[in-house]
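As stored in coords-v5.cif (mmCIF, C-alpha atoms):
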data_my_file
#
loop_
_atom_site.label_atom_id
_atom_site.label_comp_id
_atom_site.auth_asym_id
_atom_site.auth_seq_id
_atom_site.Cartn_x
_atom_site.Cartn_y
_atom_site.Cartn_z
CA MET A 1 -199.09 -161.77 43.55
CA ASN A 2 -202.53 -160.45 42.53
CA SER A 3 -203.91 -160.91 39.00
CA SER A 4 -203.47 -157.27 37.93
CA ALA A 5 -199.80 -157.27 38.95
CA PHE A 6 -199.24 -160.60 37.19
CA SER A 7 -200.89 -159.30 34.00
CA PHE A 8 -198.71 -156.16 34.06
CA LEU A 9 -195.57 -158.26 34.54
CA SER A 10 -196.54 -160.59 31.68
CA ILE A 11 -197.13 -157.69 29.31
CA PHE A 12 -193.82 -156.07 30.34
CA VAL A 13 -191.88 -159.30 29.66
CA LEU A 14 -193.61 -159.73 26.31
CA VAL A 15 -192.77 -156.17 25.21
CA LEU A 16 -189.17 -156.66 26.38
CA LEU A 17 -188.81 -159.84 24.32
CA LEU A 18 -190.21 -158.13 21.25
CA CYS A 19 -187.71 -155.29 21.60
CA ILE A 20 -184.69 -157.59 21.83
CA GLN A 21 -183.21 -158.16 18.39
CA VAL A 22 -181.81 -161.65 18.13
CA PRO A 23 -179.37 -162.24 15.25
CA SER A 24 -181.25 -164.03 12.52
CA SER A 25 -179.60 -166.43 10.13
CA SER A 26 -182.58 -166.09 7.79
CA GLY A 27 -182.04 -162.31 7.68
CA ASN A 28 -178.41 -162.91 6.92
CA ASP A 29 -179.43 -165.35 4.19
CA ASP A 30 -181.43 -162.52 2.63
CA LEU A 31 -178.40 -160.22 2.70
CA PHE A 32 -176.21 -162.97 1.27
CA THR A 33 -178.62 -163.37 -1.63
CA ALA A 34 -179.07 -159.63 -2.16
CA CYS A 35 -175.37 -158.73 -1.92
CA SER A 36 -174.39 -161.60 -4.23
CA LYS A 37 -176.26 -159.80 -7.00
CA LYS A 38 -174.55 -157.17 -9.11
CA PHE A 39 -175.86 -153.73 -9.92
CA VAL A 40 -176.47 -153.79 -13.66
CA CYS A 41 -177.56 -150.82 -15.73
CA GLY A 42 -176.76 -150.64 -19.43
CA ASP A 43 -173.00 -151.15 -19.79
CA ILE A 44 -172.30 -150.51 -16.09
CA SER A 45 -172.01 -153.49 -13.74
CA ALA A 46 -170.76 -153.27 -10.15
CA ASP A 47 -170.78 -155.06 -6.80
CA PHE A 48 -169.01 -154.14 -3.53
CA PRO A 49 -168.45 -151.34 -2.50
CA PHE A 50 -171.49 -150.09 -4.44
CA TRP A 51 -175.16 -150.58 -3.66
CA GLY A 52 -178.46 -149.67 -5.29
CA THR A 53 -181.57 -151.12 -6.98
CA GLU A 54 -181.62 -154.78 -5.86
CA ARG A 55 -178.55 -154.33 -3.66
CA PRO A 56 -179.65 -152.88 -0.27
CA PRO A 57 -177.54 -150.35 1.72
CA ASP A 58 -175.89 -153.20 3.69
CA CYS A 59 -174.08 -154.20 0.48
CA GLY A 60 -171.89 -151.10 0.11
CA LEU A 61 -170.60 -147.79 1.38
CA PRO A 62 -173.27 -145.15 2.14
CA GLU A 63 -171.66 -142.69 -0.30
CA LEU A 64 -171.71 -145.15 -3.21
CA GLU A 65 -175.37 -145.60 -4.07
CA LEU A 66 -176.01 -146.18 -7.78
CA ARG A 67 -179.31 -145.52 -9.53
CA CYS A 68 -180.45 -146.76 -12.92
CA GLU A 69 -182.58 -144.59 -15.22
CA ASN A 70 -184.22 -145.87 -18.38
CA ASN A 71 -182.37 -149.18 -17.92
CA ASP A 72 -179.17 -147.74 -19.41
CA ILE A 73 -178.04 -144.58 -17.54
CA THR A 74 -176.27 -144.95 -14.20
CA LYS A 75 -176.37 -141.99 -11.83
CA MET A 76 -175.17 -141.18 -8.34
CA ASN A 77 -175.08 -138.23 -5.96
CA ILE A 78 -171.82 -137.12 -4.32
CA ASN A 79 -171.99 -134.30 -1.78
CA GLN A 80 -175.41 -133.27 -3.12
CA VAL A 81 -174.19 -132.97 -6.72
CA ALA A 82 -175.74 -135.27 -9.34
CA TYR A 83 -173.36 -137.24 -11.56
CA ARG A 84 -173.66 -139.65 -14.46
CA VAL A 85 -171.42 -142.72 -14.15
CA LEU A 86 -169.60 -143.27 -17.44
CA GLY A 87 -167.30 -146.10 -16.40
CA ILE A 88 -165.94 -148.18 -13.52
CA ASN A 89 -162.42 -149.60 -13.65
CA PRO A 90 -161.85 -152.34 -11.04
CA GLU A 91 -158.11 -152.61 -11.61
CA THR A 92 -157.36 -148.95 -10.90
CA ARG A 93 -160.41 -148.52 -8.62
CA THR A 94 -161.45 -145.43 -10.57
CA LEU A 95 -164.79 -143.99 -11.55
CA ARG A 96 -165.33 -141.83 -14.59
CA ILE A 97 -168.20 -139.48 -13.84
CA ALA A 98 -169.68 -136.36 -15.42
CA ARG A 99 -171.78 -133.73 -13.75
CA GLU A 100 -175.41 -134.24 -14.70
CA ASP A 101 -175.87 -130.50 -15.26
CA SER A 102 -173.31 -130.65 -18.09
CA PHE A 103 -175.83 -132.72 -20.06
CA VAL A 104 -178.40 -129.96 -19.59
CA GLY A 105 -176.02 -127.20 -20.64
CA LEU A 106 -173.13 -125.10 -19.42
CA CYS A 107 -175.45 -122.18 -18.80
CA SER A 108 -177.82 -124.15 -16.52
CA PRO A 109 -175.48 -125.33 -13.78
CA GLN A 110 -176.22 -126.71 -10.37
CA PHE A 111 -174.37 -124.03 -8.42
CA MET A 112 -172.44 -126.41 -6.21
CA ASN A 113 -168.75 -127.32 -6.40
CA SER A 114 -167.58 -130.83 -7.23
CA THR A 115 -166.11 -131.87 -3.88
CA PHE A 116 -165.42 -135.36 -2.55
CA ASN A 117 -165.19 -137.01 0.87
CA PRO A 118 -161.44 -137.69 1.32
CA LYS A 119 -162.24 -140.83 3.31
CA VAL A 120 -163.88 -142.39 0.25
CA PHE A 121 -162.37 -140.64 -2.79
CA GLU A 122 -159.00 -139.32 -3.87
CA SER A 123 -157.90 -137.32 -6.88
CA VAL A 124 -156.35 -138.87 -9.99
CA GLU A 125 -153.22 -137.57 -11.67
CA GLY A 126 -153.76 -135.68 -14.91
CA TYR A 127 -156.55 -133.42 -13.69
CA THR A 128 -156.71 -129.86 -12.47
CA ASN A 129 -159.56 -127.86 -10.95
CA LEU A 130 -161.26 -125.24 -13.11
CA THR A 131 -163.57 -122.57 -11.73
CA PHE A 132 -166.46 -121.64 -14.02
CA ILE A 133 -167.55 -118.15 -12.95
CA TYR A 134 -170.98 -116.84 -13.93
CA GLY A 135 -172.67 -113.46 -14.07
CA CYS A 136 -169.73 -111.09 -14.45
CA LYS A 137 -170.51 -107.50 -15.46
CA ASP A 138 -166.86 -106.84 -16.24
CA ALA A 139 -165.11 -110.07 -17.16
CA PRO A 140 -161.49 -110.32 -15.98
CA PRO A 141 -158.81 -110.93 -18.64
CA THR A 142 -159.10 -114.71 -18.89
CA ILE A 143 -161.08 -117.27 -20.93
CA PRO A 144 -164.60 -115.84 -21.44
CA PHE A 145 -167.96 -117.32 -22.40
CA THR A 146 -171.47 -115.90 -22.43
CA CYS A 147 -174.48 -117.22 -20.52
CA LYS A 148 -177.89 -115.82 -19.73
CA ILE A 149 -178.12 -115.53 -15.94
CA ASN A 150 -181.33 -114.14 -14.45
CA GLU A 151 -182.57 -113.37 -17.99
CA VAL A 152 -179.53 -111.20 -18.71
CA ASN A 153 -176.67 -112.13 -21.05
CA ASP A 154 -173.67 -111.80 -18.77
CA GLN A 155 -170.07 -112.78 -19.21
CA GLY A 156 -168.71 -115.95 -17.73
CA VAL A 157 -165.04 -116.76 -17.27
CA ILE A 158 -162.88 -119.82 -16.62
CA GLN A 159 -159.96 -119.71 -14.22
CA VAL A 160 -157.55 -122.40 -13.11
CA GLY A 161 -157.83 -123.39 -9.44
CA ASP A 162 -160.45 -122.70 -6.80
CA THR A 163 -160.81 -118.96 -7.21
CA GLY A 164 -164.42 -118.48 -6.16
CA PRO A 165 -166.86 -116.02 -7.81
CA GLY A 166 -165.19 -112.83 -6.64
CA GLU A 167 -167.49 -109.94 -7.58
CA CYS A 168 -169.43 -112.09 -10.05
CA TYR A 169 -172.70 -113.92 -9.41
CA ARG A 170 -171.76 -117.54 -8.69
CA SER A 171 -169.05 -120.09 -9.46
CA VAL A 172 -168.70 -123.85 -9.92
CA LEU A 173 -165.52 -125.85 -9.32
CA VAL A 174 -165.02 -128.86 -11.63
CA PRO A 175 -162.04 -131.21 -12.19
CA PHE A 176 -160.82 -131.04 -15.78
CA SER A 177 -158.33 -133.04 -17.85
CA ILE A 178 -154.97 -131.31 -18.22
CA THR A 179 -154.66 -132.97 -21.64
CA ASN A 180 -157.77 -131.17 -22.90
CA TRP A 181 -156.90 -127.85 -21.32
CA PRO A 182 -154.60 -126.48 -24.11
CA ARG A 183 -157.33 -127.08 -26.71
CA ILE A 184 -159.88 -125.28 -24.55
CA LYS A 185 -157.60 -122.27 -24.22
CA GLN A 186 -157.22 -121.97 -28.00
CA LEU A 187 -160.90 -121.85 -28.87
CA VAL A 188 -163.70 -121.47 -26.34
CA THR A 189 -167.35 -121.93 -27.25
CA VAL A 190 -170.21 -122.99 -25.03
CA GLN A 191 -170.71 -126.06 -27.24
CA GLY A 192 -167.04 -127.01 -27.02
CA LEU A 193 -166.94 -126.67 -23.25
CA GLU A 194 -170.10 -128.73 -22.87
CA GLU A 195 -168.63 -131.48 -25.07
CA HIS A 196 -165.50 -131.76 -22.91
CA LEU A 197 -167.45 -131.61 -19.63
CA ARG A 198 -169.68 -134.47 -20.80
CA LYS A 199 -166.61 -136.66 -21.20
CA GLY A 200 -166.32 -136.46 -17.43
CA PHE A 201 -163.36 -136.91 -15.12
CA GLU A 202 -161.91 -139.65 -12.96
CA VAL A 203 -161.83 -140.10 -9.19
CA ARG A 204 -160.27 -142.99 -7.33
CA LEU A 205 -162.00 -145.00 -4.61
CA LYS A 206 -160.09 -145.31 -1.35
CA VAL A 207 -161.39 -148.83 -0.77
CA ASP A 208 -158.98 -151.60 0.21
CA LYS A 209 -159.38 -154.23 -2.49
CA ASP A 210 -158.09 -156.85 -0.03
CA ALA A 211 -160.80 -156.07 2.54
CA CYS A 212 -163.17 -158.67 1.09
CA ARG A 213 -160.67 -161.09 -0.42
CA GLU A 214 -161.11 -163.75 2.25
CA CYS A 215 -164.88 -163.35 2.13
CA PHE A 216 -164.99 -163.84 -1.64
CA ALA A 217 -162.60 -166.81 -1.37
CA SER A 218 -164.98 -168.47 1.10
CA LYS A 219 -167.93 -167.96 -1.30
CA GLY A 220 -169.43 -165.19 0.80
CA ALA A 221 -170.95 -161.85 -0.19
CA CYS A 222 -169.13 -158.76 1.04
CA GLY A 223 -170.98 -155.84 2.59
CA ILE A 224 -170.93 -153.20 5.31
CA ASP A 225 -172.06 -153.94 8.86
CA GLU A 226 -174.46 -151.16 9.85
CA LEU A 227 -173.39 -151.26 13.51
CA SER A 228 -169.60 -151.24 13.16
CA ASN A 229 -169.48 -149.54 9.73
CA GLN A 230 -166.82 -152.10 8.78
CA THR A 231 -166.69 -154.65 6.00
CA THR A 232 -168.42 -157.93 6.81
CA CYS A 233 -169.08 -161.23 5.11
CA TYR A 234 -172.65 -162.37 4.54
CA CYS A 235 -173.09 -166.14 4.45
CA PRO A 236 -176.09 -168.48 4.34
CA ASN A 237 -177.10 -169.96 7.69
CA GLN A 238 -174.49 -167.88 9.51
CA SER A 239 -174.88 -164.74 11.64
CA ARG A 240 -173.35 -161.49 10.41
CA GLY A 241 -170.11 -160.03 11.72
CA SER A 242 -167.85 -162.65 10.17
CA LYS A 243 -164.89 -162.01 7.90
CA THR A 244 -165.32 -165.35 6.12
CA CYS A 245 -167.93 -168.05 5.71
CA ALA A 246 -167.60 -171.32 7.61
CA PRO A 247 -165.88 -173.89 5.37
CA ASP A 248 -168.32 -176.69 6.15
CA LEU A 249 -171.40 -174.86 4.90
CA ASP A 250 -173.11 -176.22 1.80
CA ARG A 251 -173.09 -173.38 -0.70
CA SER A 252 -173.07 -175.43 -3.90
CA LYS A 253 -176.05 -173.48 -5.22
CA HIS A 254 -174.51 -170.08 -4.53
CA GLN A 255 -171.61 -169.27 -6.83
CA TYR A 256 -169.78 -165.96 -6.44
CA ASN A 257 -166.85 -164.56 -8.33
CA ASN A 258 -163.87 -164.66 -5.94
CA ASP A 259 -161.20 -163.25 -8.22
CA ASP A 260 -158.85 -161.04 -6.19
CA ASP A 261 -159.27 -158.07 -8.46
CA ASP A 262 -162.97 -158.54 -9.28
CA LEU A 263 -164.46 -156.21 -6.69
CA LEU A 264 -165.95 -154.12 -9.48
CA GLU A 265 -167.01 -155.01 -13.00
CA PRO A 266 -165.35 -152.94 -15.73
CA LEU A 267 -167.16 -151.03 -18.43
CA GLU A 268 -167.30 -153.18 -21.59
#
Turn the structure described in the file into structure tokens.
Amino acid sequence: MNSSAFSFLSIFVLVLLLCIQVPSSSGNDDLFTACSKKFVCGDISADFPFWGTERPPDCGLPELELRCENNDITKMNINQVAYRVLGINPETRTLRIAREDSFVGLCSPQFMNSTFNPKVFESVEGYTNLTFIYGCKDAPPTIPFTCKINEVNDQGVIQVGDTGPGECYRSVLVPFSITNWPRIKQLVTVQGLEEHLRKGFEVRLKVDKDACRECFASKGACGIDELSNQTTCYCPNQSRGSKTCAPDLDRSKHQYNNDDDDLLEPLE
């Protein structure tokens, strides 16, 4: 073999070796450390299935990224709509969230419906969908309110269900507490509607709370494997893809809460 051919073959083998990704226990150690941390922002604290800030995407479901603003306000995006997280209940696996635009004002909405991926979320009893309809020249006989749309004071209306805008400008679909609905029907003001919308609504996570039980019991950190998109257990000095950590590993310095129901930290 001549020298030029040998040099080409050597370079080819080197490039091939660099392209092969060998499972790294040190990389898994990093994920174990990162996913053992909780997301903490003000009164909100959460671990699996959430991720965000110091918890990388491998620590939770893609749809459940949390962000912290001003060290005390937790926010998240769901189907391109911005929400403020008001509470997390680990026992019922529910989130209480409020549309971020409700904190700006009823008359400055993000014109997108509140919809949720049925593989991740499910509705909670006690809520109904309300359609807030904007920019009506002739308001239908239902609950009215007034907003300035495109610099013109137009009528807005509220209807139960997903009715769409009809002949009006735009509409926004929002879950609303059935308990609060009778009070809204009696007296409607923009300020009153905004107050109720800022209290938020609940959605339930469709996450199996037993999925990580064995991992937590073995002192591991639960996460999501990016290749299989399934739950996995991150352990020190152990490659990913496991459901539990090996029992003979020394993890005396790494304590993790393994309570069966402690997948999420409740709002204090």
Evaluate the PyMOL selection byres ((chain A and resi 104-118) around 10) and record the selected residues as a PyMOL selection string, following the chain and residue labels used in the document. chain A and resi 63+78-83+99-103+119-123+129+131-132+134+145-149+156+162+164+170-175+190-195+197-198+203+205-206
Store the residues picked out above in a file with C-alpha atoms, as a compact mmCIF listing (two decimals), in the coordinates of the input.
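Okay, selection38.txt is ready:
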# COMPACT_ATOMS: atom_id res chain seq x y z
CA GLU A 63 -171.66 -142.69 -0.30
CA ILE A 78 -171.82 -137.12 -4.32
CA ASN A 79 -171.99 -134.30 -1.78
CA GLN A 80 -175.41 -133.27 -3.12
CA VAL A 81 -174.19 -132.97 -6.72
CA ALA A 82 -175.74 -135.27 -9.34
CA TYR A 83 -173.36 -137.24 -11.56
CA ARG A 99 -171.78 -133.73 -13.75
CA GLU A 100 -175.41 -134.24 -14.70
CA ASP A 101 -175.87 -130.50 -15.26
CA SER A 102 -173.31 -130.65 -18.09
CA PHE A 103 -175.83 -132.72 -20.06
CA LYS A 119 -162.24 -140.83 3.31
CA VAL A 120 -163.88 -142.39 0.25
CA PHE A 121 -162.37 -140.64 -2.79
CA GLU A 122 -159.00 -139.32 -3.87
CA SER A 123 -157.90 -137.32 -6.88
CA ASN A 129 -159.56 -127.86 -10.95
CA THR A 131 -163.57 -122.57 -11.73
CA PHE A 132 -166.46 -121.64 -14.02
CA TYR A 134 -170.98 -116.84 -13.93
CA PHE A 145 -167.96 -117.32 -22.40
CA THR A 146 -171.47 -115.90 -22.43
CA CYS A 147 -174.48 -117.22 -20.52
CA LYS A 148 -177.89 -115.82 -19.73
CA ILE A 149 -178.12 -115.53 -15.94
CA GLY A 156 -168.71 -115.95 -17.73
CA ASP A 162 -160.45 -122.70 -6.80
CA GLY A 164 -164.42 -118.48 -6.16
CA ARG A 170 -171.76 -117.54 -8.69
CA SER A 171 -169.05 -120.09 -9.46
CA VAL A 172 -168.70 -123.85 -9.92
CA LEU A 173 -165.52 -125.85 -9.32
CA VAL A 174 -165.02 -128.86 -11.63
CA PRO A 175 -162.04 -131.21 -12.19
CA VAL A 190 -170.21 -122.99 -25.03
CA GLN A 191 -170.71 -126.06 -27.24
CA GLY A 192 -167.04 -127.01 -27.02
CA LEU A 193 -166.94 -126.67 -23.25
CA GLU A 194 -170.10 -128.73 -22.87
CA GLU A 195 -168.63 -131.48 -25.07
CA LEU A 197 -167.45 -131.61 -19.63
CA ARG A 198 -169.68 -134.47 -20.80
CA VAL A 203 -161.83 -140.10 -9.19
CA LEU A 205 -162.00 -145.00 -4.61
CA LYS A 206 -160.09 -145.31 -1.35
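Candidate residues A:Glu214, A:Glu54, A:Asp43, A:Glu91 were compared for distance to Thr232 (chain A), and the nearest is A:Glu214, using only C-alpha atoms.
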Name the residues that the PyMOL selection byres ((chain A and resi 68) around 10) picks from the file above, as a tab-separated table (two decimals) with C-alpha atoms, in the coordinates of the input, using the file's chain letters and numbers.
chain	number	residue	atom	x	y	z
A	39	PHE	CA	-175.86	-153.73	-9.92
A	40	VAL	CA	-176.47	-153.79	-13.66
A	41	CYS	CA	-177.56	-150.82	-15.73
A	42	GLY	CA	-176.76	-150.64	-19.43
A	44	ILE	CA	-172.30	-150.51	-16.09
A	52	GLY	CA	-178.46	-149.67	-5.29
A	53	THR	CA	-181.57	-151.12	-6.98
A	66	LEU	CA	-176.01	-146.18	-7.78
A	67	ARG	CA	-179.31	-145.52	-9.53
A	69	GLU	CA	-182.58	-144.59	-15.22
A	70	ASN	CA	-184.22	-145.87	-18.38
A	71	ASN	CA	-182.37	-149.18	-17.92
A	72	ASP	CA	-179.17	-147.74	-19.41
A	73	ILE	CA	-178.04	-144.58	-17.54
A	74	THR	CA	-176.27	-144.95	-14.20
A	75	LYS	CA	-176.37	-141.99	-11.83
A	76	MET	CA	-175.17	-141.18	-8.34
A	84	ARG	CA	-173.66	-139.65	-14.46
A	85	VAL	CA	-171.42	-142.72	-14.15
I'd like to know which of A:Leu130, A:Val124, A:Ile143, A:Leu95 is closest to Thr163 (chain A), using all atoms listed in the file. A:Leu130
Go through region 44-115 of chain A and flag each residue having an atom no more than 9 Å from region 223-227 of chain A; for those, report the closest pair of atoms plus their distance in Å to one decimal, using only C-alpha atoms, ordered by chain and rising number, as JSON lines.
{"residue": "A:Phe48", "atom": "CA", "partner": "A:Gly223", "partner_atom": "CA", "distance": 6.7}
{"residue": "A:Pro49", "atom": "CA", "partner": "A:Gly223", "partner_atom": "CA", "distance": 7.2}
{"residue": "A:Pro57", "atom": "CA", "partner": "A:Ile224", "partner_atom": "CA", "distance": 8.0}
{"residue": "A:Asp58", "atom": "CA", "partner": "A:Ile224", "partner_atom": "CA", "distance": 5.2}
{"residue": "A:Cys59", "atom": "CA", "partner": "A:Gly223", "partner_atom": "CA", "distance": 4.1}
{"residue": "A:Gly60", "atom": "CA", "partner": "A:Gly223", "partner_atom": "CA", "distance": 5.4}
{"residue": "A:Leu61", "atom": "CA", "partner": "A:Ile224", "partner_atom": "CA", "distance": 6.7}
{"residue": "A:Pro62", "atom": "CA", "partner": "A:Ile224", "partner_atom": "CA", "distance": 9.0}
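Computed from the coordinates, the CA of His196 (chain A) to CA of Ile178 (chain A) distance equals 11.5 Å.
Nearest residue to Gln155 (chain A), choosing from A:Cys168, A:Cys233, A:Cys212, A:Leu31 and counting all atoms listed in the file: A:Cys168.
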Just give me the gap between CA of Pro144 (chain A) and CA of Ile158 (chain A) in Å, one decimal is fine. 6.5 Å
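Residue nearest Arg93 (chain A) within the list A:Glu202, A:Gly126, A:Phe32, A:Lys37: A:Glu202 [criterion: smallest interatomic distance, all atoms listed in the file].
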Tell me, in Å to one decimal, how far CA of Cys136 (chain A) is from CA of Gln159 (chain A). 13.0 Å
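Contact shell of Thr92 (chain A) at 10 Å (all atoms listed in the file; same-chain neighbours under 2 positions omitted): Ile88, Asn89, Pro90, Thr94, Leu95, Arg204, Leu205 and Asp261 of chain A.
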Check which residues satisfy the PyMOL selection byres ((chain A and resi 215) around 9) in the file shown, then give them as a PyMOL selection string. chain A and resi 211-214+216-222+232-235+242-245+258
Taking only C-alpha atoms into account, name the residue in A:Gly87, A:Ala34, A:Val157, A:Asp210 that is nearest to Asp138 (chain A). A:Val157
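Proximity to Asp30 (chain A) was assessed for A:Leu86, A:Val207, A:Pro56, A:Asp47 counting only C-alpha atoms; the smallest distance is recorded for A:Pro56.
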